[in-house]
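Structure data (TSV, C-alpha atoms) from start-v7.tsv:
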```
chain	number	residue	atom	x	y	z
A	85	MET	CA	119.80	118.42	78.81
A	86	LEU	CA	121.97	117.75	75.77
A	87	THR	CA	119.77	114.80	74.85
A	88	ALA	CA	116.46	116.75	74.89
A	89	GLY	CA	114.71	116.48	71.55
A	90	GLN	CA	117.08	113.72	70.38
A	91	VAL	CA	116.54	110.00	70.02
A	92	ILE	CA	118.36	108.25	72.89
A	93	ARG	CA	120.04	104.89	72.36
A	94	CYS	CA	120.14	102.84	75.54
A	95	LYS	CA	119.81	99.36	76.99
A	96	ALA	CA	116.41	97.78	77.59
A	97	ALA	CA	115.30	94.28	78.58
A	98	VAL	CA	113.05	93.16	75.74
A	99	ALA	CA	110.52	90.32	75.97
A	100	TRP	CA	110.49	88.98	72.41
A	101	GLU	CA	107.91	86.31	73.17
A	102	ALA	CA	105.85	84.95	76.05
A	103	ALA	CA	107.65	83.21	78.93
A	104	LYS	CA	111.08	83.43	77.23
A	105	PRO	CA	113.96	85.10	79.11
A	106	LEU	CA	114.27	88.85	78.54
A	107	VAL	CA	117.10	89.95	76.25
A	108	ILE	CA	119.17	93.08	76.93
A	109	GLU	CA	119.06	94.99	73.63
A	110	GLU	CA	120.06	98.43	72.43
A	111	VAL	CA	116.83	100.30	71.77
A	112	GLU	CA	116.04	103.73	70.41
A	113	VAL	CA	113.83	105.87	72.64
A	114	ALA	CA	112.10	108.74	70.82
A	115	PRO	CA	111.69	112.17	72.44
A	116	PRO	CA	108.53	112.81	74.46
A	117	GLN	CA	105.54	114.17	72.52
A	118	LYS	CA	102.76	116.42	73.83
A	119	ASN	CA	101.94	115.72	77.50
A	120	GLU	CA	104.73	113.13	77.75
A	121	VAL	CA	107.91	112.94	79.81
A	122	ARG	CA	111.11	111.01	79.14
A	123	LEU	CA	112.60	109.49	82.26
A	124	LYS	CA	115.97	108.05	83.14
A	125	ILE	CA	115.14	104.99	85.25
A	126	LEU	CA	117.59	104.41	88.11
A	127	PHE	CA	115.88	101.55	89.97
A	128	THR	CA	113.04	99.25	89.04
A	129	SER	CA	111.62	96.18	90.72
A	130	LEU	CA	109.71	93.13	89.63
A	131	CYS	CA	106.03	92.84	90.50
A	132	HIS	CA	103.93	89.73	89.99
A	133	THR	CA	101.85	91.58	87.37
A	134	ASP	CA	104.93	91.79	85.10
A	135	VAL	CA	105.39	88.02	85.41
A	136	TYR	CA	101.70	87.38	84.77
A	137	PHE	CA	101.63	89.32	81.49
A	138	TRP	CA	105.07	88.02	80.47
A	139	GLU	CA	103.70	84.46	80.82
A	140	ALA	CA	100.62	85.64	78.84
A	141	LYS	CA	98.58	82.56	79.68
A	142	GLY	CA	95.16	84.20	79.83
A	143	GLN	CA	95.85	87.63	78.35
A	144	THR	CA	96.14	89.19	74.95
A	145	PRO	CA	99.80	88.60	74.02
A	146	VAL	CA	101.51	91.85	72.98
A	147	PHE	CA	105.13	91.24	71.90
A	148	PRO	CA	107.91	92.32	71.55
A	149	ARG	CA	107.42	94.34	74.70
A	150	ILE	CA	109.31	96.12	77.45
A	151	PHE	CA	107.81	95.23	80.80
A	152	GLY	CA	108.32	96.90	84.18
A	153	HIS	CA	106.14	99.31	86.13
A	154	GLU	CA	107.51	99.62	89.66
A	155	ALA	CA	110.34	102.13	89.47
A	156	GLY	CA	112.02	105.38	90.41
A	157	GLY	CA	113.90	107.78	88.18
A	158	ILE	CA	114.72	111.30	87.11
A	159	VAL	CA	113.08	113.44	84.42
A	160	GLU	CA	115.42	113.72	81.39
A	161	SER	CA	113.18	115.93	79.21
A	162	VAL	CA	109.56	116.97	78.87
A	163	GLY	CA	107.25	117.25	75.88
A	164	GLU	CA	105.04	120.12	74.78
A	165	GLY	CA	102.43	121.23	77.33
A	166	VAL	CA	104.18	119.76	80.38
A	167	THR	CA	104.38	122.47	83.03
A	168	ASP	CA	104.52	120.76	86.40
A	169	LEU	CA	107.67	118.70	85.79
A	170	GLN	CA	111.13	119.69	84.65
A	171	PRO	CA	114.43	117.93	83.88
A	172	GLY	CA	116.11	116.73	87.06
A	173	ASP	CA	112.90	116.14	89.05
A	174	HIS	CA	112.84	112.90	91.03
A	175	VAL	CA	109.78	110.88	90.12
A	176	LEU	CA	107.87	107.63	90.36
A	177	PRO	CA	106.17	106.42	87.17
A	178	VAL	CA	102.81	104.75	87.92
A	179	PHE	CA	100.79	102.21	85.90
A	180	THR	CA	97.61	104.20	86.49
A	181	GLY	CA	97.31	107.94	86.19
A	182	GLU	CA	95.59	111.12	87.19
A	183	CYS	CA	94.66	113.53	84.39
A	184	LYS	CA	93.08	115.89	86.96
A	185	GLU	CA	90.29	116.75	84.46
A	186	CYS	CA	87.86	113.80	84.26
A	187	ARG	CA	84.92	113.05	86.56
A	188	HIS	CA	86.93	110.46	88.47
A	189	CYS	CA	89.85	112.81	89.06
A	190	LYS	CA	87.48	115.57	90.17
A	191	SER	CA	85.69	113.21	92.58
A	192	GLU	CA	87.09	112.95	96.09
A	193	GLU	CA	85.98	109.31	96.16
A	194	SER	CA	87.72	107.86	93.10
A	195	ASN	CA	91.22	107.36	91.77
A	196	MET	CA	90.13	105.60	88.57
A	197	CYS	CA	91.03	108.24	85.99
A	198	ASP	CA	89.02	107.87	82.76
A	199	LEU	CA	91.97	108.79	80.56
A	200	LEU	CA	94.84	107.00	82.29
A	201	ARG	CA	93.49	104.07	84.26
A	202	ILE	CA	95.42	100.86	83.70
A	203	ASN	CA	95.18	99.30	80.26
A	204	THR	CA	97.16	96.07	79.95
A	205	ASP	CA	96.35	95.45	76.26
A	206	ARG	CA	97.56	98.81	74.94
A	207	GLY	CA	101.20	98.80	73.83
A	208	VAL	CA	101.34	102.33	72.40
A	209	MET	CA	101.18	105.95	73.58
A	210	LEU	CA	97.82	107.71	73.79
A	211	ASN	CA	98.95	110.83	71.94
A	212	ASP	CA	99.54	109.24	68.52
A	213	GLY	CA	98.98	105.49	68.88
A	214	GLN	CA	102.70	104.86	68.25
A	215	THR	CA	105.47	103.39	70.37
A	216	ARG	CA	108.43	105.47	71.58
A	217	PHE	CA	110.69	102.38	71.56
A	218	SER	CA	112.16	100.83	68.44
A	219	ILE	CA	114.96	98.56	67.26
A	220	ASN	CA	116.12	99.12	63.67
A	221	GLY	CA	112.91	101.03	62.98
A	222	LYS	CA	110.64	98.22	64.22
A	223	PRO	CA	108.31	99.08	67.14
A	224	ILE	CA	108.81	97.57	70.59
A	225	TYR	CA	105.59	97.81	72.61
A	226	HIS	CA	104.98	99.52	75.93
A	227	PHE	CA	103.47	97.93	79.05
A	228	VAL	CA	100.87	99.72	81.24
A	229	GLY	CA	102.24	103.06	80.07
A	230	THR	CA	105.50	102.73	82.02
A	231	SER	CA	107.95	100.12	80.56
A	232	THR	CA	110.60	100.64	83.22
A	233	PHE	CA	112.87	97.73	82.22
A	234	SER	CA	114.74	100.27	80.08
A	235	GLU	CA	117.39	102.85	80.97
A	236	TYR	CA	115.10	105.50	79.46
A	237	THR	CA	111.33	105.39	78.98
A	238	VAL	CA	108.56	107.75	77.87
A	239	VAL	CA	105.46	108.13	80.08
A	240	HIS	CA	102.31	110.28	79.98
A	241	VAL	CA	102.71	113.22	82.38
A	242	GLY	CA	99.58	112.12	84.28
A	243	CYS	CA	101.36	108.89	85.29
A	244	VAL	CA	104.44	110.61	86.72
A	245	VAL	CA	104.60	111.54	90.41
A	246	LYS	CA	107.08	114.19	91.51
A	247	ILE	CA	108.53	113.28	94.91
A	248	ASN	CA	110.94	114.60	97.52
A	249	PRO	CA	114.41	114.50	95.90
A	250	ALA	CA	115.93	113.44	99.24
A	251	ALA	CA	113.98	110.15	99.18
A	252	PRO	CA	116.16	107.15	98.21
A	253	LEU	CA	114.78	105.93	94.89
A	254	ASP	CA	116.03	102.38	95.52
A	255	LYS	CA	113.50	102.15	98.39
A	256	VAL	CA	110.58	104.42	97.46
A	257	CYS	CA	110.35	102.92	93.96
A	258	LEU	CA	108.32	100.18	95.69
A	259	LEU	CA	105.58	102.72	96.36
A	260	SER	CA	104.75	103.02	92.66
A	261	CYS	CA	102.74	99.77	92.74
A	262	GLY	CA	102.41	96.89	95.18
A	263	ILE	CA	103.25	98.44	98.51
A	264	SER	CA	100.89	101.40	98.01
A	265	THR	CA	98.16	99.00	96.84
A	266	GLY	CA	98.26	96.96	100.06
A	267	LEU	CA	98.95	99.86	102.40
A	268	GLY	CA	96.10	101.95	100.98
A	269	ALA	CA	93.67	99.02	100.99
A	270	THR	CA	94.00	98.99	104.77
A	271	LEU	CA	94.51	102.68	105.59
A	272	ASN	CA	92.16	104.22	103.01
A	273	VAL	CA	89.47	101.57	102.54
A	274	ALA	CA	89.28	99.09	105.44
A	275	LYS	CA	90.22	101.89	107.89
A	276	PRO	CA	90.67	99.82	111.05
A	277	LYS	CA	90.36	101.74	114.29
A	278	GLU	CA	93.07	101.51	116.91
A	279	GLY	CA	92.75	98.27	118.88
A	280	GLN	CA	90.67	96.45	116.25
A	281	SER	CA	91.43	93.06	114.70
A	282	VAL	CA	92.38	92.62	111.05
A	283	ALA	CA	92.70	89.46	108.93
A	284	ILE	CA	95.01	89.55	105.90
A	285	PHE	CA	94.49	86.88	103.22
A	286	GLY	CA	97.65	86.25	101.21
A	287	LEU	CA	101.09	87.16	102.56
A	288	GLY	CA	102.92	88.19	99.40
A	289	ALA	CA	104.24	91.73	99.08
A	290	VAL	CA	100.78	93.29	98.71
A	291	GLY	CA	99.34	91.37	101.68
A	292	LEU	CA	102.33	92.24	103.84
A	293	ALA	CA	101.87	95.90	102.87
A	294	ALA	CA	98.24	95.58	103.99
A	295	ALA	CA	99.52	94.13	107.29
A	296	GLU	CA	101.95	97.04	107.56
A	297	GLY	CA	98.95	99.36	107.15
A	298	ALA	CA	97.15	97.56	109.97
A	299	ARG	CA	100.27	97.93	112.13
A	300	LEU	CA	100.41	101.67	111.38
A	301	ALA	CA	96.70	101.98	112.25
A	302	GLY	CA	97.32	100.41	115.66
A	303	ALA	CA	95.43	97.14	115.14
A	304	SER	CA	95.61	94.87	118.20
A	305	ARG	CA	95.48	91.56	116.33
A	306	ILE	CA	96.68	91.01	112.77
A	307	ILE	CA	95.85	87.52	111.59
A	308	GLY	CA	97.78	86.34	108.51
A	309	VAL	CA	96.08	83.71	106.35
A	310	ASP	CA	98.15	81.82	103.78
A	311	LEU	CA	98.48	78.30	102.35
A	312	ASN	CA	102.28	78.58	102.57
A	313	PRO	CA	103.41	78.37	106.22
A	314	SER	CA	106.98	79.36	105.29
A	315	ARG	CA	105.68	82.92	104.94
A	316	PHE	CA	104.52	83.14	108.56
A	317	ASN	CA	107.86	83.91	110.16
A	318	GLU	CA	108.62	86.72	107.70
A	319	ALA	CA	105.16	88.20	108.25
A	320	LYS	CA	105.88	88.87	111.94
A	321	LYS	CA	108.13	91.74	110.80
A	322	PHE	CA	105.06	93.35	109.23
A	323	GLY	CA	102.94	93.22	112.35
A	324	CYS	CA	101.19	89.85	111.98
A	325	THR	CA	100.46	88.46	115.44
A	326	GLU	CA	98.79	85.15	114.53
A	327	PHE	CA	98.63	82.82	111.56
A	328	VAL	CA	96.07	80.50	110.02
A	329	ASN	CA	96.77	77.96	107.29
A	330	PRO	CA	93.38	76.90	105.86
A	331	LYS	CA	94.86	73.48	105.03
A	332	ASP	CA	95.22	72.73	108.75
A	333	TYR	CA	91.44	72.64	109.30
A	334	ASP	CA	88.57	70.55	108.04
A	335	LYS	CA	86.14	73.46	108.15
A	336	PRO	CA	86.01	76.76	106.23
A	337	VAL	CA	88.65	79.24	107.35
A	338	GLN	CA	85.98	81.88	108.01
A	339	GLU	CA	84.60	79.64	110.78
A	340	VAL	CA	88.08	79.18	112.24
A	341	ILE	CA	88.61	82.96	112.33
A	342	ALA	CA	85.16	83.60	113.80
A	343	GLU	CA	85.97	81.20	116.66
A	344	MET	CA	89.36	82.85	117.27
A	345	THR	CA	87.83	86.33	117.43
A	346	ASN	CA	84.53	85.94	119.26
A	347	GLY	CA	82.36	86.22	116.17
A	348	GLY	CA	84.69	87.61	113.53
A	349	VAL	CA	87.41	90.14	112.82
A	350	ASP	CA	86.64	93.86	112.58
A	351	ARG	CA	88.34	94.22	109.18
A	352	SER	CA	89.73	91.89	106.52
A	353	VAL	CA	91.83	92.52	103.42
A	354	GLU	CA	91.99	89.92	100.63
A	355	CYS	CA	95.22	89.98	98.57
A	356	THR	CA	95.26	86.67	96.68
A	357	GLY	CA	92.77	86.88	93.82
A	358	SER	CA	91.38	83.47	94.79
A	359	ILE	CA	87.58	83.58	94.72
A	360	GLN	CA	87.40	81.23	97.72
A	361	ALA	CA	89.68	83.54	99.71
A	362	MET	CA	87.44	86.49	98.76
A	363	ILE	CA	84.34	84.74	100.07
A	364	SER	CA	86.17	83.69	103.26
A	365	ALA	CA	87.50	87.23	103.76
A	366	PHE	CA	83.96	88.61	103.57
A	367	GLU	CA	82.33	85.94	105.70
A	368	CYS	CA	84.98	86.14	108.45
A	369	VAL	CA	84.19	89.75	109.42
A	370	HIS	CA	81.96	90.46	112.42
A	371	ASP	CA	78.30	91.25	111.84
A	372	GLY	CA	77.16	94.77	112.75
A	373	TRP	CA	80.37	96.55	111.78
A	374	GLY	CA	82.78	94.28	109.89
A	375	VAL	CA	84.35	95.53	106.66
A	376	ALA	CA	86.05	93.32	104.06
A	377	VAL	CA	88.18	94.78	101.27
A	378	LEU	CA	89.03	92.94	98.04
A	379	VAL	CA	92.41	93.72	96.47
A	380	GLY	CA	93.39	90.56	94.56
A	381	VAL	CA	92.52	90.29	90.86
A	382	PRO	CA	90.27	87.29	90.06
A	383	ASN	CA	90.21	85.07	86.99
A	384	LYS	CA	87.89	86.40	84.32
A	385	ASP	CA	85.15	83.76	84.77
A	386	ASP	CA	84.98	83.96	88.57
A	387	ALA	CA	81.76	84.87	90.37
A	388	PHE	CA	81.45	85.94	94.00
A	389	LYS	CA	78.78	83.99	95.87
A	390	THR	CA	77.54	84.58	99.42
A	391	HIS	CA	74.20	84.55	101.20
A	392	PRO	CA	72.52	88.00	101.18
A	393	MET	CA	71.96	87.66	104.94
A	394	ASN	CA	75.69	88.21	105.38
A	395	LEU	CA	75.16	91.73	104.03
A	396	LEU	CA	71.80	92.30	105.72
A	397	ASN	CA	73.53	91.52	109.02
A	398	GLU	CA	75.55	94.70	108.48
A	399	ARG	CA	78.75	93.45	107.03
A	400	THR	CA	80.33	95.64	104.34
A	401	LEU	CA	82.13	94.43	101.22
A	402	LYS	CA	84.39	96.89	99.40
A	403	GLY	CA	86.83	96.76	96.52
A	404	THR	CA	89.87	98.90	95.88
A	405	PHE	CA	92.22	99.75	93.04
A	406	PHE	CA	95.77	100.93	93.84
A	407	GLY	CA	94.82	101.43	97.49
A	408	ASN	CA	92.45	104.29	96.52
A	409	TYR	CA	95.48	106.58	96.13
A	410	LYS	CA	95.31	109.26	93.44
A	411	PRO	CA	98.88	108.91	92.17
A	412	ARG	CA	99.98	112.52	91.66
A	413	THR	CA	97.96	113.94	94.55
A	414	ASP	CA	98.53	111.29	97.23
A	415	LEU	CA	101.81	109.43	96.65
A	416	PRO	CA	104.16	112.28	97.69
A	417	ALA	CA	102.68	112.04	101.21
A	418	VAL	CA	103.22	108.25	101.27
A	419	VAL	CA	106.89	108.89	100.41
A	420	GLU	CA	106.99	111.26	103.40
A	421	LYS	CA	105.61	108.48	105.65
A	422	TYR	CA	108.75	106.56	104.73
A	423	MET	CA	110.98	109.62	105.20
A	424	ASN	CA	109.70	110.22	108.74
A	425	LYS	CA	110.17	106.53	109.58
A	426	GLU	CA	106.50	105.63	110.07
A	427	LEU	CA	106.51	103.26	107.11
A	428	GLU	CA	109.30	100.71	106.72
A	429	LEU	CA	110.23	99.68	103.17
A	430	GLU	CA	113.58	97.90	103.60
A	431	LYS	CA	111.92	94.74	104.90
A	432	PHE	CA	110.05	94.28	101.59
A	433	ILE	CA	113.36	94.07	99.69
A	434	THR	CA	114.62	90.49	99.72
A	435	HIS	CA	116.95	90.61	96.68
A	436	SER	CA	118.86	93.03	94.50
A	437	VAL	CA	120.42	92.42	91.07
A	438	PRO	CA	122.17	94.50	88.40
A	439	PHE	CA	120.15	95.18	85.24
A	440	SER	CA	122.25	92.67	83.28
A	441	GLU	CA	120.87	89.91	85.56
A	442	ILE	CA	117.19	90.92	85.37
A	443	ASN	CA	116.16	87.34	84.53
A	444	LYS	CA	117.30	86.31	88.03
A	445	ALA	CA	114.54	88.53	89.44
A	446	PHE	CA	112.01	86.48	87.45
A	447	GLU	CA	113.54	83.24	88.75
A	448	TYR	CA	113.34	84.42	92.37
A	449	MET	CA	109.68	85.34	91.99
A	450	LEU	CA	108.73	82.16	90.12
A	451	GLN	CA	110.40	80.10	92.85
A	452	GLY	CA	108.41	82.01	95.49
A	453	GLU	CA	111.66	83.17	97.09
A	454	SER	CA	111.28	86.92	96.87
A	455	LEU	CA	109.00	89.68	98.04
A	456	ARG	CA	110.68	92.41	96.01
A	457	CYS	CA	113.87	92.27	93.98
A	458	ILE	CA	115.42	95.68	93.21
A	459	ILE	CA	116.98	95.91	89.75
A	460	ARG	CA	119.82	98.45	89.62
A	461	MET	CA	119.87	100.04	86.18
A	462	GLU	CA	123.44	101.25	86.50
A	463	GLY	CA	124.69	98.08	88.15
```

Take the structure in the file and write it out as structure tokens.
Amino acid sequence: MLTAGQVIRCKAAVAWEAAKPLVIEEVEVAPPQKNEVRLKILFTSLCHTDVYFWEAKGQTPVFPRIFGHEAGGIVESVGEGVTDLQPGDHVLPVFTGECKECRHCKSEESNMCDLLRINTDRGVMLNDGQTRFSINGKPIYHFVGTSTFSEYTVVHVGCVVKINPAAPLDKVCLLSCGISTGLGATLNVAKPKEGQSVAIFGLGAVGLAAAEGARLAGASRIIGVDLNPSRFNEAKKFGCTEFVNPKDYDKPVQEVIAEMTNGGVDRSVECTGSIQAMISAFECVHDGWGVAVLVGVPNKDDAFKTHPMNLLNERTLKGTFFGNYKPRTDLPAVVEKYMNKELELEKFITHSVPFSEINKAFEYMLQGESLRCIIRMEG
């Protein structure tokens, strides 16, 4: 490419301070260094994690910053030492990585790479502790190693997944975060058998992806649990067969579910981050074989409390990170699930805006109106 090795000037949506609208600025994007790749982002979408760190209520504030981590794009150039990607490759950048060298990457059981696992406080590149973004020589910080709210971004090679170039990036970009997290929580961790019952706590995009996983696995009953009944109709498209609003009952929701299912569901997946929902999700699975999987991220002072008999009675409690997918190894096959029409992604997309209107995506999410809003970089 003509731009390889050069600084690229392009548009990026910069968060100058917490909870203030993003501003479209011209930024300078430095060339990729060793083990880095510069990407041209074509489509990105807004995930609740972006909003959470943009609000910066309970986190270390790192500003000015370029958010964004759910995206699809094309490799523009590669840095020294990068051999498995080349300019023109279609890719998904991912907020967690796979170095392929550490104990986690070499383990069949883990996807929590020592080098590249998510770090929300770090705003710089690993190679030299510097940013690749600047405005008038002043650094603009990165977010979870991806910063996709920019026409060009620089990412560590271990966080870049090469995918089938025939896959539409405006759909499969969703697989770089939330949809894979929910889908994998069910398919890779809960692992319901055909005909089993599954309860899903929280019917946002991640919970609906978990329901989609249960549908793909052939679950007979998929019970959606949410405090917002307006989500129930939408959730039918993702395989939910029944709904429970805990507010409608004067007893714990785990008791309600146990009564509905002759002693408990076979599997449950918790996608809210509420500690009460986590306890209910565990206690609502059947003794002897029930498995509960925690996906939602709790508040930092939360503690999980249940009676040990619930475990001694042969219930299993598991946690997952990014659906237990190793990004580079496993995501290309998830893209193929979409390509051969097993997995449906269109139904997760409720809105679409041009990059110039990125703040609308934040408004839709804050109003609870959207599952996923696609942001078109060239629109």

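Using all atoms listed in the file, the smallest distance between any of A:Lys246, A:Val273, A:Tyr448, A:Ile284 and Asp168 in chain A comes from A:Lys246.
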
Atom pair CA of Ala155 in chain A / CA of Leu415 in chain A: separation (Å):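 Going from CA of Ala155 in chain A over to CA of Leu415 in chain A, I get 13.3 Å.
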
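Between CA of Val437 in chain A and CA of Val245 in chain A there is a distance of 24.8 Å.
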
Distance of CA of Phe151 in chain A from CA of Gly229 in chain A, expressed in Å to one decimal place: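 Those two atoms sit 9.6 Å apart.
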
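Closest approach to Phe147 in chain A among A:Arg206, A:Lys277, A:Arg351, A:Arg122 is made by A:Arg206 (distances from all atoms listed in the file).
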
Nearest to Ile442 in chain A, chosen from A:Arg305, A:Val349, A:Ala96, A:Ala365, with all atoms listed in the file counted in the distances: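 Result for the nearest residue to Ile442 in chain A: A:Ala96.
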
Please, which residues in range 181-292 of chain A fall within 10 Å of range 454-459 of chain A when counting all atoms listed in the file, and what is the closest atom pair and distance in Å to one decimal for each, ordered by chain then residue number, as a tab-separated table?
```
residue	atom	partner	partner_atom	distance
A:Phe233	CA	A:Ile459	CA	8.8
A:Asp254	CA	A:Ile458	CA	7.1
A:Lys255	CA	A:Ile458	CA	8.5
A:Cys257	CA	A:Ile458	CA	8.9
A:Leu258	CA	A:Arg456	CA	8.1
A:Gly262	CA	A:Arg456	CA	9.4
A:Ile263	CA	A:Arg456	CA	9.9
A:Leu287	CA	A:Leu455	CA	9.5
A:Gly288	CA	A:Leu455	CA	6.4
A:Ala289	CA	A:Leu455	CA	5.3
A:Val290	CA	A:Leu455	CA	9.0
A:Leu292	CA	A:Leu455	CA	9.2
```

Best match for closeness to Gly157 in chain A among A:Val98, A:Cys189, A:Leu401, A:Val244, counting all atoms listed in the file: A:Val244

Residue contacts of Gly357 in chain A (6 Å, all atoms listed in the file) excluding same-chain residues fewer than 4 positions away, as number ranges by chain: A: 380-382

Sel. within 12 Å of pt (73.5, 83.4, 109.7), counting only C-alpha atoms, output as a PyMOL selection string: chain A and resi 339+347+367-368+370-371+390-399

For range 322-329 of chain A: contacts at 9 Å, only C-alpha atoms, fewer than 4 positions along chain excluded, given as a list of chain:residue names: A:Ile284, A:Leu292, A:Ala293, A:Ala294, A:Ala295, A:Glu296, A:Gly297, A:Ala298, A:Arg299, A:Leu300, A:Ala303, A:Ser304, A:Arg305, A:Ile306, A:Ile307, A:Gly308, A:Val309, A:Asp310, A:Leu311, A:Asn312, A:Pro313, A:Phe316, A:Glu318, A:Tyr333, A:Val337, A:Val340, A:Ile341, A:Glu428, A:Lys431

Expected file: the selected residues, C-alpha atoms, as an mmCIF file, in the coordinates of the input:
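Wrote result03.cif, looks like this:
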```cif
data_model
loop_
_atom_site.group_PDB
_atom_site.id
_atom_site.type_symbol
_atom_site.label_atom_id
_atom_site.label_comp_id
_atom_site.auth_asym_id
_atom_site.auth_seq_id
_atom_site.Cartn_x
_atom_site.Cartn_y
_atom_site.Cartn_z
ATOM 1 C CA ILE A 284 95.010 89.550 105.900
ATOM 2 C CA LEU A 292 102.330 92.240 103.840
ATOM 3 C CA ALA A 293 101.870 95.900 102.870
ATOM 4 C CA ALA A 294 98.240 95.580 103.990
ATOM 5 C CA ALA A 295 99.520 94.130 107.290
ATOM 6 C CA GLU A 296 101.950 97.040 107.560
ATOM 7 C CA GLY A 297 98.950 99.360 107.150
ATOM 8 C CA ALA A 298 97.150 97.560 109.970
ATOM 9 C CA ARG A 299 100.270 97.930 112.130
ATOM 10 C CA LEU A 300 100.410 101.670 111.380
ATOM 11 C CA ALA A 303 95.430 97.140 115.140
ATOM 12 C CA SER A 304 95.610 94.870 118.200
ATOM 13 C CA ARG A 305 95.480 91.560 116.330
ATOM 14 C CA ILE A 306 96.680 91.010 112.770
ATOM 15 C CA ILE A 307 95.850 87.520 111.590
ATOM 16 C CA GLY A 308 97.780 86.340 108.510
ATOM 17 C CA VAL A 309 96.080 83.710 106.350
ATOM 18 C CA ASP A 310 98.150 81.820 103.780
ATOM 19 C CA LEU A 311 98.480 78.300 102.350
ATOM 20 C CA ASN A 312 102.280 78.580 102.570
ATOM 21 C CA PRO A 313 103.410 78.370 106.220
ATOM 22 C CA PHE A 316 104.520 83.140 108.560
ATOM 23 C CA GLU A 318 108.620 86.720 107.700
ATOM 24 C CA TYR A 333 91.440 72.640 109.300
ATOM 25 C CA VAL A 337 88.650 79.240 107.350
ATOM 26 C CA VAL A 340 88.080 79.180 112.240
ATOM 27 C CA ILE A 341 88.610 82.960 112.330
ATOM 28 C CA GLU A 428 109.300 100.710 106.720
ATOM 29 C CA LYS A 431 111.920 94.740 104.900
#
```

When you look at range 171-181 of chain A with a cut-off of 6 Å (counting all atoms listed in the file), what residues show up, excluding the ones that are within fewer than 6 positions of it in the same chain? I need them as a PDB file with C-alpha atoms, in the coordinates of the input.
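Final file, around-v7.pdb:
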```pdb
ATOM      1  CA  GLY A 156     112.020 105.380  90.410  1.00  0.00           C
ATOM      2  CA  GLY A 157     113.900 107.780  88.180  1.00  0.00           C
ATOM      3  CA  ILE A 158     114.720 111.300  87.110  1.00  0.00           C
ATOM      4  CA  VAL A 159     113.080 113.440  84.420  1.00  0.00           C
ATOM      5  CA  GLU A 160     115.420 113.720  81.390  1.00  0.00           C
ATOM      6  CA  SER A 161     113.180 115.930  79.210  1.00  0.00           C
ATOM      7  CA  LEU A 200      94.840 107.000  82.290  1.00  0.00           C
ATOM      8  CA  ARG A 201      93.490 104.070  84.260  1.00  0.00           C
ATOM      9  CA  ILE A 202      95.420 100.860  83.700  1.00  0.00           C
ATOM     10  CA  VAL A 228     100.870  99.720  81.240  1.00  0.00           C
ATOM     11  CA  GLY A 242      99.580 112.120  84.280  1.00  0.00           C
ATOM     12  CA  CYS A 243     101.360 108.890  85.290  1.00  0.00           C
ATOM     13  CA  VAL A 244     104.440 110.610  86.720  1.00  0.00           C
ATOM     14  CA  VAL A 245     104.600 111.540  90.410  1.00  0.00           C
ATOM     15  CA  LYS A 246     107.080 114.190  91.510  1.00  0.00           C
ATOM     16  CA  ILE A 247     108.530 113.280  94.910  1.00  0.00           C
ATOM     17  CA  PRO A 249     114.410 114.500  95.900  1.00  0.00           C
ATOM     18  CA  SER A 260     104.750 103.020  92.660  1.00  0.00           C
TER      19      SER A 260
END
```

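Of the listed residues (A:His153, A:Lys95, A:Lys275, A:His132), A:His153 comes nearest to Phe227 in chain A; the distances count all atoms listed in the file.
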
Distance query Val135 in chain A at most 9 Å, all atoms listed in the file, self and fewer than 2 positions along chain excluded, as a ChimeraX atom specification: /A:103,130-133,137-140,151,446,449-450

Close residues, Gly152 in chain A itself excluded, 7 Å, only C-alpha atoms, min 2 positions apart in chain, as a compact mmCIF listing (two decimals) with C-alpha atoms, in the frame of the given file:
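Once everything was written out, this is out_39.txt:
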```txt
# COMPACT_ATOMS: atom_id res chain seq x y z
CA LEU A 130 109.71 93.13 89.63
CA ASP A 134 104.93 91.79 85.10
CA ILE A 150 109.31 96.12 77.45
CA GLU A 154 107.51 99.62 89.66
CA THR A 230 105.50 102.73 82.02
CA SER A 231 107.95 100.12 80.56
CA THR A 232 110.60 100.64 83.22
CA PHE A 233 112.87 97.73 82.22
```

Closest of A:Ala97, A:Thr265, A:Lys104, A:Val166 to Glu447 in chain A - atom-to-atom distances counting all atoms listed in the file: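 Closest to Glu447 in chain A, using all atoms listed in the file: A:Lys104.
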